[in-house]
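So this block is model.pdb, PDB, C-alpha atoms:
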```pdb
MODEL        1
ATOM      1  CA  MET A   1     -14.038 -25.020 -69.319  1.00  0.00           C
ATOM      2  CA  THR A   2     -13.585 -22.627 -66.409  1.00  0.00           C
ATOM      3  CA  GLU A   3     -10.130 -21.892 -65.178  1.00  0.00           C
ATOM      4  CA  THR A   4      -9.586 -21.350 -61.478  1.00  0.00           C
ATOM      5  CA  PRO A   5      -6.966 -18.863 -60.388  1.00  0.00           C
ATOM      6  CA  GLU A   6      -3.865 -20.507 -59.018  1.00  0.00           C
ATOM      7  CA  GLN A   7      -3.144 -20.169 -55.332  1.00  0.00           C
ATOM      8  CA  PRO A   8       0.072 -18.288 -54.689  1.00  0.00           C
ATOM      9  CA  THR A   9       2.845 -20.619 -53.629  1.00  0.00           C
ATOM     10  CA  ARG A  10       3.681 -20.117 -49.999  1.00  0.00           C
ATOM     11  CA  PRO A  11       7.099 -20.914 -48.594  1.00  0.00           C
ATOM     12  CA  SER A  12       7.367 -23.938 -46.326  1.00  0.00           C
ATOM     13  CA  ALA A  13       7.906 -23.596 -42.591  1.00  0.00           C
ATOM     14  CA  ALA A  14      11.448 -24.878 -43.092  1.00  0.00           C
ATOM     15  CA  THR A  15      12.186 -22.200 -45.703  1.00  0.00           C
ATOM     16  CA  LEU A  16      10.785 -19.483 -43.465  1.00  0.00           C
ATOM     17  CA  ASN A  17      12.754 -20.834 -40.503  1.00  0.00           C
ATOM     18  CA  ALA A  18      15.951 -20.622 -42.553  1.00  0.00           C
ATOM     19  CA  ALA A  19      15.150 -17.007 -43.456  1.00  0.00           C
ATOM     20  CA  ILE A  20      14.508 -16.194 -39.784  1.00  0.00           C
ATOM     21  CA  ARG A  21      17.827 -17.739 -38.753  1.00  0.00           C
ATOM     22  CA  ALA A  22      19.666 -15.867 -41.506  1.00  0.00           C
ATOM     23  CA  LEU A  23      18.593 -12.523 -40.011  1.00  0.00           C
ATOM     24  CA  TRP A  24      20.443 -13.224 -36.778  1.00  0.00           C
ATOM     25  CA  ILE A  25      24.019 -12.076 -37.290  1.00  0.00           C
ATOM     26  CA  ASP A  26      26.381 -13.476 -34.657  1.00  0.00           C
ATOM     27  CA  GLY A  27      23.395 -14.159 -32.407  1.00  0.00           C
ATOM     28  CA  VAL A  28      22.065 -10.593 -32.627  1.00  0.00           C
ATOM     29  CA  LEU A  29      19.042  -9.375 -34.555  1.00  0.00           C
ATOM     30  CA  PRO A  30      19.893  -6.034 -36.167  1.00  0.00           C
ATOM     31  CA  VAL A  31      17.347  -3.324 -35.333  1.00  0.00           C
ATOM     32  CA  GLU A  32      16.686  -2.647 -39.020  1.00  0.00           C
ATOM     33  CA  SER A  33      15.682  -6.312 -39.515  1.00  0.00           C
ATOM     34  CA  ARG A  34      13.100  -6.429 -36.732  1.00  0.00           C
ATOM     35  CA  GLY A  35      10.061  -5.745 -38.955  1.00  0.00           C
ATOM     36  CA  GLU A  36      11.097  -8.401 -41.438  1.00  0.00           C
ATOM     37  CA  TYR A  37      11.757 -10.817 -38.575  1.00  0.00           C
ATOM     38  CA  GLU A  38       8.315 -10.240 -37.075  1.00  0.00           C
ATOM     39  CA  GLN A  39       6.585 -10.844 -40.422  1.00  0.00           C
ATOM     40  CA  LEU A  40       8.614 -13.997 -41.032  1.00  0.00           C
ATOM     41  CA  VAL A  41       7.621 -15.352 -37.604  1.00  0.00           C
ATOM     42  CA  VAL A  42       3.933 -14.725 -38.352  1.00  0.00           C
ATOM     43  CA  ASP A  43       4.296 -16.410 -41.757  1.00  0.00           C
ATOM     44  CA  TRP A  44       6.223 -19.319 -40.184  1.00  0.00           C
ATOM     45  CA  ALA A  45       3.456 -19.892 -37.621  1.00  0.00           C
ATOM     46  CA  ALA A  46       0.819 -19.926 -40.379  1.00  0.00           C
ATOM     47  CA  ALA A  47       2.907 -22.350 -42.447  1.00  0.00           C
ATOM     48  CA  MET A  48       3.315 -24.651 -39.428  1.00  0.00           C
ATOM     49  CA  ARG A  49      -0.457 -24.703 -38.861  1.00  0.00           C
ATOM     50  CA  ALA A  50      -1.129 -25.390 -42.534  1.00  0.00           C
ATOM     51  CA  GLU A  51       1.428 -28.212 -42.635  1.00  0.00           C
ATOM     52  CA  GLN A  52      -0.026 -29.747 -39.465  1.00  0.00           C
ATOM     53  CA  GLU A  53      -3.540 -29.611 -40.931  1.00  0.00           C
ATOM     54  CA  LEU A  54      -2.329 -31.386 -44.076  1.00  0.00           C
ATOM     55  CA  ALA A  55      -0.659 -34.075 -41.977  1.00  0.00           C
ATOM     56  CA  ALA A  56      -3.812 -34.709 -39.939  1.00  0.00           C
TER      57      ALA A  56
ENDMDL
END
```

Would you write the structure of this file as structure tokens?
Amino acid sequence: MTETPEQPTRPSAATLNAAIRALWIDGVLPVESRGEYEQLVVDWAAAMRAEQELAA
């Protein structure tokens, strides 16, 4: 029997959205968090597309 490698578990759009919101302190995104924020937004958009494809 052949084993297939497991797909890495990706966070849901809701989880990524929560992480994005957590970066904003008192409504301001700290400069040092900008790179993380940008990556989270890209990941969130991909998760949204994937979840929409599953729903279709």

Select, from A:Ala56, A:Leu16, A:Pro11, A:Glu51, the residue with the minimum atom-to-atom distance to Glu36 (chain A), counting only C-alpha atoms.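 The closest residue to Glu36 (chain A) is A:Leu16.
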
Would you compute the distance between CA of Leu29 (chain A) and CA of Ala47 (chain A)? Give it in Å to one decimal.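 About the pair CA of Leu29 (chain A) and CA of Ala47 (chain A): they are 22.2 Å apart.
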
Which of A:Arg34, A:Gly27, A:Ile20, A:Ser12 sits closest to Ala46 (chain A) [using all atoms listed in the file]: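 The closest residue to Ala46 (chain A) is A:Ser12.
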
Counting all atoms listed in the file, the residue of A:Leu54, A:Ala19, A:Ala14, A:Ile25 that sits nearest Glu38 (chain A):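 Among A:Leu54, A:Ala19, A:Ala14, A:Ile25, it is A:Ala19 that comes nearest to Glu38 (chain A).
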
Between A:Ala55, A:Val42, A:Val31, A:Ala50, which is the closest to Asn17 (chain A) once you count all atoms listed in the file?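 Closest to Asn17 (chain A), using all atoms listed in the file: A:Val42.
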
Take CA of Gln52 (chain A) and CA of Ala13 (chain A) and report the distance between them in Å, one decimal.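 Straight-line distance from CA of Gln52 (chain A) to CA of Ala13 (chain A) works out to 10.5 Å.
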
Between CA of Val28 (chain A) and CA of Ala45 (chain A), what is the spacing in Å?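 So the answer is 21.4 Å.
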
What are the centre and edge lengths in Å, to one decimal, of the axis-aligned box around all listed atoms of region 22-39 of chain A with 8 Å added on each side, as JSON?
```
{"center_x": 16.5, "center_y": -9.3, "center_z": -37.0, "size_x": 35.8, "size_y": 29.2, "size_z": 25.1}
```
